[in-house]
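Okay, structure first, notes after.
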Amino acid sequence: MNIQSVEKKNGNAKIVVVVDKEQFESAINSAYLQEKKKIMVPGFRKGHAPRKIIESMYGKGVFYEEAINILFPEIYDAAVTEQKLKAVGAPSIADMEVAEDRTLTLTVETALYPEVKLGTYKGVEAPKAEVKVLEADVKAELERMAQRASRIQTVERAAKLGDTVMLDFEGFVDGKAFEGGKGEKYNLQLGSGQFIPGFEDALVGVKAGEDRDVEVTFPEAYTPELAGKNATFKCKIHEVKETIVPKLDDEFAKDVSEFDTLADLKKDIKARLKKDREEAAMNEFENEVVTAAAENMTCEIPACMIDEQVDQHMEQFAYRLQQSGMTMADYAKMMGGDLQALRANMRPMAEKTVRANILLSEIVEKENIEVTDEEIAEEFKKLAEVYQMKEEDVKKAIKESALRADLATKKAVRLIVDNAKAVAPKKEDDAEKPAAKKPAAKKTAETAEKPAAKKTAAKKTAETAEKPAAKKTAAKKTTETAEKKPAAKKPAAKKTETAEKKTETAKKPAAKKTTKKAEE
């Protein structure tokens with residue numbers, strides 16, 4: 001392999017690489033051995049046709065694309081390393097040419113890690129909320145604990161607000177049942193606001209064994225096929241249950257905690273609330289000061305870095321949806337089928353995340369921040385305790401280099417925070433606005449959490465340790481297994497992804513390598 005030229009312009013690099021005929025021929029033969037089992041040629045058993053026969057039928061370039069895919073990772077890595085390029089994103093093949101002597105010339109394009117000029121990152125100001133815990137807060141927590149300790153019993157009376165009814169229901173619009181409008185033995189607490197406005201109120205007064213038709217109107221802010229329409233839900237009541245909440249006294253404290261008196265439990269609740277709120281206030285302050293320092297930095301971020309971060313946010317969002325029993329397809333349908341709009345909404349957040357990551361990586365380098373072997377060992381030990389795994393298994397799941405980079409990044413965050421100045425938040429109108437009612441019949445949208453807020457650390461390595469398997473959806477998954485056969489002419493080159501380049505540095509993001517369609 002020989003690098004013919006490298007041109008850097010507007011944050012991108014164009015690399016022209018020449019591959020000698022021996023190396024290219026070896027790759028073509030590897031491509032033939034890999035692909036021949038998928039090719040049918042008359043007169044030969046499947047996978048047994050000689051290479052020359054296949055090339056005579058479909059052209060000598062029939063295996064070029066796969067050969068390039070085989071060569072590309074090695075060629076690209078060698079070129080980037082030799083030229084000391086800080087490549088990011090997915091490189092592509094802009095042009096390819098096979099000469100008469102069977103040498104291969106590839107023109108590869110890739111985005112480059114941006115030039116960065118740090119601004120002020122020491123002494124930045126950001127608002128930090130004052131932490132207060134009121135008696136009302138303690139009372140609210142006690143009431144939540146009482147609700148959790150409550151018991152439910154079946155009653156032989158008419159249902160009232162606060163009761164739970166077990167019911168079957170099916171919704172109809174214009175006399176026709178609609179998708180998603182049916183449930184069986186569903187436990188609904190009247191007054192909880194789980195269903196659309198009017199539904200729960202209409203069930204006040206029902207008794208076990210009763211049938212009742214509930215007339216409602218779907219909100220305008222609903223799925224297009226149902227928005228604003230009148231509907232009838234046919235309901236069958238199985239049970240009416242009341243919630244019995246325990247009295248808040250010393251006996252309650254003994255039942256739900258290690259304390260003997262309600263007064264001691266209240267003190268503990270107040271201390272815990274204060275600690276939690278202080279941690280939340282500090283986390284928010286960290287986010288604010290890192291964002292402020294990032295805004296002071298001069299840097300033109302390549303679009304590909306933001307795109308990759310959006311992909312990560314989408315993956316995290318899909319994972320949280322699956323934990324709630326939903327799929328991205330379900331969510332898309334609920335939101336009108338537009339996942340591109342969701343990606344667009346995530347983009348500003350993704351750009352902030354990338355900008356913060358670049359800032360922290362630059363500070364690690366400028367301040368010569370290092371992580372000791374003792375700190376690495378201690379972190380592996382902590383992660384093993386958190387995830388209840390053996391330490392050696394954690395080390396298999398998380399690369400030491402990635403953990404070292406993450407800890408260095410956290411030190412950079414701490415440096416910014418320790419040198420920052422906390423100011424009082426701006427006073428805002430404290431008048432509470434009435435909360436808008438949820439339009440969904442069931443609050444499925446609420447269970448699908450919003451995309452995660454920007455992480456201050458470049459990566460949270462702990463998250464890579466283990467994730468539970470995603471829940472399978474009810475929708476049947478189908479796979480396409482169409483057998484590959486060469487076209488009458490040269491087969492169209494397919495896009496292929498090569499193994500992601502792994503970097504050992506905290507600063508340079510790995511480039512995901514894909515080849516574009518090879519031009520015939």
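Ordering of the structure tokens sets the chain letters (A, B, ...), residue numbers begin anew at 1 in every chain, and ligands are numbered from 1 in the order given.
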Contacts of Thr372 in chain A within 12 Å, only C-alpha atoms, excl. fewer than 5 positions in-chain, as number ranges by chain
A: 377-379, 400-401, 403-405, 407-408, 411
Pick out the residues sitting within 9 Å of Val423 in chain A, and hand them over as number ranges by chain; count only C-alpha atoms, and ignore anything fewer than 4 positions along from it in its own chain.
A: 125-129
Just write the chosen residues, all heavy atoms, as a compact mmCIF listing (two decimals), in the first residue's frame.
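Listed below is the output, selection.txt:
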```txt
# COMPACT_ATOMS: atom_id res chain seq x y z
N GLU A 125 -19.25 31.27 36.14
CA GLU A 125 -20.36 31.42 37.08
C GLU A 125 -21.58 30.64 36.59
O GLU A 125 -21.81 30.53 35.39
CB GLU A 125 -20.75 32.90 37.23
CG GLU A 125 -19.70 33.74 37.90
CD GLU A 125 -20.19 35.17 38.12
OE1 GLU A 125 -21.32 35.49 37.67
OE2 GLU A 125 -19.47 35.97 38.75
N ALA A 126 -22.32 30.12 37.55
CA ALA A 126 -23.56 29.41 37.20
C ALA A 126 -24.48 29.43 38.41
O ALA A 126 -24.01 29.49 39.56
CB ALA A 126 -23.26 27.97 36.79
N PRO A 127 -25.78 29.41 38.17
CA PRO A 127 -26.72 29.41 39.30
C PRO A 127 -26.70 28.08 40.05
O PRO A 127 -26.53 27.03 39.45
CB PRO A 127 -28.08 29.63 38.62
CG PRO A 127 -27.90 29.16 37.23
CD PRO A 127 -26.47 29.42 36.87
N LYS A 128 -26.87 28.16 41.36
CA LYS A 128 -26.97 26.96 42.18
C LYS A 128 -28.10 27.16 43.18
O LYS A 128 -28.09 28.12 43.96
CB LYS A 128 -25.65 26.68 42.92
CG LYS A 128 -25.67 25.35 43.68
CD LYS A 128 -24.32 25.09 44.35
CE LYS A 128 -24.37 23.75 45.08
NZ LYS A 128 -23.10 23.50 45.81
N ALA A 129 -29.05 26.26 43.14
CA ALA A 129 -30.24 26.40 43.98
C ALA A 129 -29.92 26.18 45.45
O ALA A 129 -29.08 25.35 45.80
CB ALA A 129 -31.31 25.41 43.53
```
Just checking: using only C-alpha atoms, which residue out of A:Val417, A:Glu100, A:Met389, A:Leu188 ends up closest to Glu284 in chain A?
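With only C-alpha atoms as the atom set, the closest residue is A:Val417.
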Test item, strand (DSSP E) assignment across range 22-237 of chain A, answer as a VMD selection string:
chain A and resid 87 to 98 104 to 112 116 to 117 125 to 127 151 to 154 164 to 173 176 to 189 211 to 217 230 to 237
Please identify all polymer residues within 12 Å of Phe259 in chain A, counting only C-alpha atoms, omitting same-chain residues fewer than 5 positions from it, and present them as an MDAnalysis selection string.
chainID A and resid 249:254 264:269
Could you please take those selected residues and save all heavy atoms as a compact mmCIF listing (two decimals), in the first residue's frame?
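Just written: result-v6.txt:
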```
# COMPACT_ATOMS: atom_id res chain seq x y z
N ASP A 249 -48.55 7.17 62.94
CA ASP A 249 -48.23 7.22 64.37
C ASP A 249 -46.97 6.40 64.62
O ASP A 249 -46.31 5.94 63.67
CB ASP A 249 -49.40 6.72 65.20
CG ASP A 249 -49.87 5.32 64.78
OD1 ASP A 249 -49.09 4.61 64.11
OD2 ASP A 249 -51.00 4.93 65.13
N ASP A 250 -46.64 6.20 65.88
CA ASP A 250 -45.42 5.46 66.22
C ASP A 250 -45.47 4.02 65.71
O ASP A 250 -44.44 3.47 65.28
CB ASP A 250 -45.21 5.46 67.74
CG ASP A 250 -44.81 6.84 68.28
OD1 ASP A 250 -44.46 7.71 67.45
OD2 ASP A 250 -44.87 7.04 69.51
N GLU A 251 -46.65 3.40 65.74
CA GLU A 251 -46.78 2.04 65.24
C GLU A 251 -46.46 1.96 63.75
O GLU A 251 -45.83 1.02 63.27
CB GLU A 251 -48.19 1.50 65.51
CG GLU A 251 -48.47 1.18 66.97
CD GLU A 251 -47.47 0.19 67.54
OE1 GLU A 251 -47.21 -0.84 66.87
OE2 GLU A 251 -46.94 0.43 68.64
N PHE A 252 -46.91 2.98 63.03
CA PHE A 252 -46.61 3.07 61.60
C PHE A 252 -45.10 3.16 61.39
O PHE A 252 -44.53 2.47 60.53
CB PHE A 252 -47.31 4.29 60.99
CG PHE A 252 -46.87 4.61 59.60
CD1 PHE A 252 -47.30 3.85 58.51
CD2 PHE A 252 -46.01 5.67 59.35
CE1 PHE A 252 -46.89 4.14 57.22
CE2 PHE A 252 -45.59 5.97 58.06
CZ PHE A 252 -46.03 5.21 57.00
N ALA A 253 -44.43 4.01 62.19
CA ALA A 253 -42.98 4.18 62.08
C ALA A 253 -42.26 2.85 62.31
O ALA A 253 -41.31 2.50 61.59
CB ALA A 253 -42.49 5.23 63.07
N LYS A 254 -42.73 2.08 63.30
CA LYS A 254 -42.11 0.78 63.59
C LYS A 254 -42.30 -0.20 62.43
O LYS A 254 -41.42 -1.00 62.12
CB LYS A 254 -42.71 0.19 64.86
CG LYS A 254 -42.32 0.92 66.13
CD LYS A 254 -43.05 0.33 67.34
CE LYS A 254 -42.76 1.12 68.62
NZ LYS A 254 -43.55 0.60 69.76
N ASP A 264 -38.74 10.34 65.17
CA ASP A 264 -37.43 9.92 64.66
C ASP A 264 -37.49 9.64 63.15
O ASP A 264 -36.55 9.94 62.41
CB ASP A 264 -36.95 8.68 65.39
CG ASP A 264 -36.50 8.98 66.82
OD1 ASP A 264 -36.23 10.15 67.10
OD2 ASP A 264 -36.46 8.03 67.63
N LEU A 265 -38.60 9.05 62.70
CA LEU A 265 -38.76 8.79 61.27
C LEU A 265 -38.79 10.10 60.48
O LEU A 265 -38.19 10.21 59.41
CB LEU A 265 -40.04 7.99 61.02
CG LEU A 265 -40.41 7.71 59.57
CD1 LEU A 265 -39.28 6.97 58.85
CD2 LEU A 265 -41.71 6.91 59.48
N LYS A 266 -39.47 11.10 61.03
CA LYS A 266 -39.54 12.41 60.36
C LYS A 266 -38.15 13.04 60.24
O LYS A 266 -37.80 13.61 59.19
CB LYS A 266 -40.46 13.36 61.14
CG LYS A 266 -41.94 13.06 60.98
CD LYS A 266 -42.76 14.09 61.77
CE LYS A 266 -44.25 13.88 61.57
NZ LYS A 266 -45.05 14.86 62.34
N LYS A 267 -37.35 12.93 61.31
CA LYS A 267 -35.98 13.47 61.26
C LYS A 267 -35.17 12.79 60.16
O LYS A 267 -34.42 13.44 59.43
CB LYS A 267 -35.29 13.27 62.61
CG LYS A 267 -35.78 14.19 63.71
CD LYS A 267 -35.04 13.88 65.02
CE LYS A 267 -35.61 14.71 66.18
NZ LYS A 267 -34.95 14.36 67.47
N ASP A 268 -35.32 11.47 60.07
CA ASP A 268 -34.58 10.71 59.05
C ASP A 268 -35.03 11.11 57.65
O ASP A 268 -34.19 11.28 56.75
CB ASP A 268 -34.78 9.22 59.27
CG ASP A 268 -34.03 8.39 58.25
OD1 ASP A 268 -32.78 8.37 58.30
OD2 ASP A 268 -34.69 7.76 57.40
N ILE A 269 -36.33 11.26 57.45
CA ILE A 269 -36.85 11.65 56.14
C ILE A 269 -36.31 13.02 55.76
O ILE A 269 -35.87 13.24 54.62
CB ILE A 269 -38.39 11.67 56.17
CG1 ILE A 269 -38.94 10.25 56.25
CG2 ILE A 269 -38.95 12.38 54.93
CD1 ILE A 269 -40.43 10.17 56.48
```
Return the single residue from A:Val124, A:Leu134, A:Val204, A:Cys235 that is closest to Glu295 in chain A, with distances computed using only C-alpha atoms.
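Looking at the shortest contact to Glu295 in chain A, the residue is A:Val124.
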Give me every alpha helix (DSSP H) residue in range 232-389 of chain A, going by DSSP on the backbone, as a ChimeraX atom specification.
/A:250-256,262-295,303-323,328-334,339-366,373-386
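Neighbours of Lys52 in chain A closer than or equal to 12 Å, with only C-alpha atoms counted and sequence neighbours fewer than 6 positions away skipped, come out as Ile28, Asn29, Tyr32, Lys36, Val41, Tyr58, Gly59, Lys60, Gly61, Val62 and Phe63 of chain A.
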Measuring atom to atom with only C-alpha atoms, identify which of A:Val386, A:Glu288, A:Lys395, A:Met57 is nearest to Lys352 in chain A.
A:Glu288
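Considering the residues A:Ile244, A:Leu226, A:Ala13, A:Ile363 and counting only C-alpha atoms, Thr164 in chain A has its shortest atom-to-atom contact with A:Ile244.
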Each range 91-139 of chain A residue no farther than 10 Å from range 1-5 of chain A, nearest pair in Å, only C-alpha atoms, as CSV:
```
residue,atom,partner,partner_atom,distance
A:Thr103,CA,A:Met1,CA,9.9
A:Leu104,CA,A:Met1,CA,9.5
A:Thr105,CA,A:Gln4,CA,9.0
A:Leu106,CA,A:Ile3,CA,9.7
A:Thr107,CA,A:Ser5,CA,9.4
```
Output for the residues just chosen: N, CA and C atoms as a JSON list (two decimals), in the first residue's frame:
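Saved file out04.json follows:
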```json
[["chain", "number", "residue", "atom", "x", "y", "z"],
["A", 103, "THR", "N", -3.56, -2.81, -10.31],
["A", 103, "THR", "CA", -3.39, -2.04, -9.07],
["A", 103, "THR", "C", -4.69, -1.29, -8.80],
["A", 104, "LEU", "N", -4.98, -1.07, -7.53],
["A", 104, "LEU", "CA", -6.22, -0.43, -7.11],
["A", 104, "LEU", "C", -5.92, 0.94, -6.50],
["A", 105, "THR", "N", -6.61, 1.97, -6.99],
["A", 105, "THR", "CA", -6.47, 3.32, -6.42],
["A", 105, "THR", "C", -7.79, 3.70, -5.77],
["A", 106, "LEU", "N", -7.73, 4.01, -4.48],
["A", 106, "LEU", "CA", -8.92, 4.41, -3.72],
["A", 106, "LEU", "C", -8.77, 5.85, -3.23],
["A", 107, "THR", "N", -9.84, 6.62, -3.37],
["A", 107, "THR", "CA", -9.89, 7.96, -2.79],
["A", 107, "THR", "C", -10.84, 7.90, -1.60]]
```
Please provide as a VMD selection string all residues within 9 Å of Gln147 in chain A, with the sequence filter that same-chain residues fewer than 2 positions apart are discarded (counting only C-alpha atoms).
chain A and resid 142 to 145 149 to 151 243 to 246
7 Å contact set for Glu210 in chain A, only C-alpha atoms, chain neighbours under 4 positions out, as a PyMOL selection string:
chain A and resi 206+236-237
Hey, what's within 6 Å of range 299-308 of chain A if we count only C-alpha atoms and toss same-chain stuff fewer than 2 positions away? As a PyMOL selection string, please?
chain A and resi 89+116+310-311+350-351
May I have the selected residues written with N, CA, C and O atoms, as a PDB file, in the first residue's frame?
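File produced: out-v2.pdb:
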```pdb
ATOM      1  N   GLY A  89     -16.097  10.035  12.748  1.00  0.00           N
ATOM      2  CA  GLY A  89     -17.226   9.700  11.885  1.00  0.00           C
ATOM      3  C   GLY A  89     -16.946   8.507  11.000  1.00  0.00           C
ATOM      4  O   GLY A  89     -15.997   7.752  11.192  1.00  0.00           O
ATOM      5  N   VAL A 116      -9.530  23.075  18.272  1.00  0.00           N
ATOM      6  CA  VAL A 116     -10.200  23.589  19.471  1.00  0.00           C
ATOM      7  C   VAL A 116      -9.371  24.706  20.096  1.00  0.00           C
ATOM      8  O   VAL A 116      -8.156  24.581  20.256  1.00  0.00           O
ATOM      9  N   VAL A 310     -26.572  11.670  18.389  1.00  0.00           N
ATOM     10  CA  VAL A 310     -28.025  11.511  18.262  1.00  0.00           C
ATOM     11  C   VAL A 310     -28.372  10.027  18.229  1.00  0.00           C
ATOM     12  O   VAL A 310     -29.337   9.586  18.867  1.00  0.00           O
ATOM     13  N   ASP A 311     -27.575   9.243  17.485  1.00  0.00           N
ATOM     14  CA  ASP A 311     -27.791   7.794  17.431  1.00  0.00           C
ATOM     15  C   ASP A 311     -27.741   7.186  18.835  1.00  0.00           C
ATOM     16  O   ASP A 311     -28.560   6.333  19.187  1.00  0.00           O
ATOM     17  N   ALA A 350     -27.766  16.687  21.722  1.00  0.00           N
ATOM     18  CA  ALA A 350     -26.598  15.914  21.277  1.00  0.00           C
ATOM     19  C   ALA A 350     -25.404  16.830  21.020  1.00  0.00           C
ATOM     20  O   ALA A 350     -24.269  16.504  21.365  1.00  0.00           O
ATOM     21  N   GLU A 351     -25.672  17.987  20.415  1.00  0.00           N
ATOM     22  CA  GLU A 351     -24.580  18.935  20.143  1.00  0.00           C
ATOM     23  C   GLU A 351     -23.959  19.432  21.448  1.00  0.00           C
ATOM     24  O   GLU A 351     -22.733  19.565  21.559  1.00  0.00           O
TER      25      GLU A 351
END
```
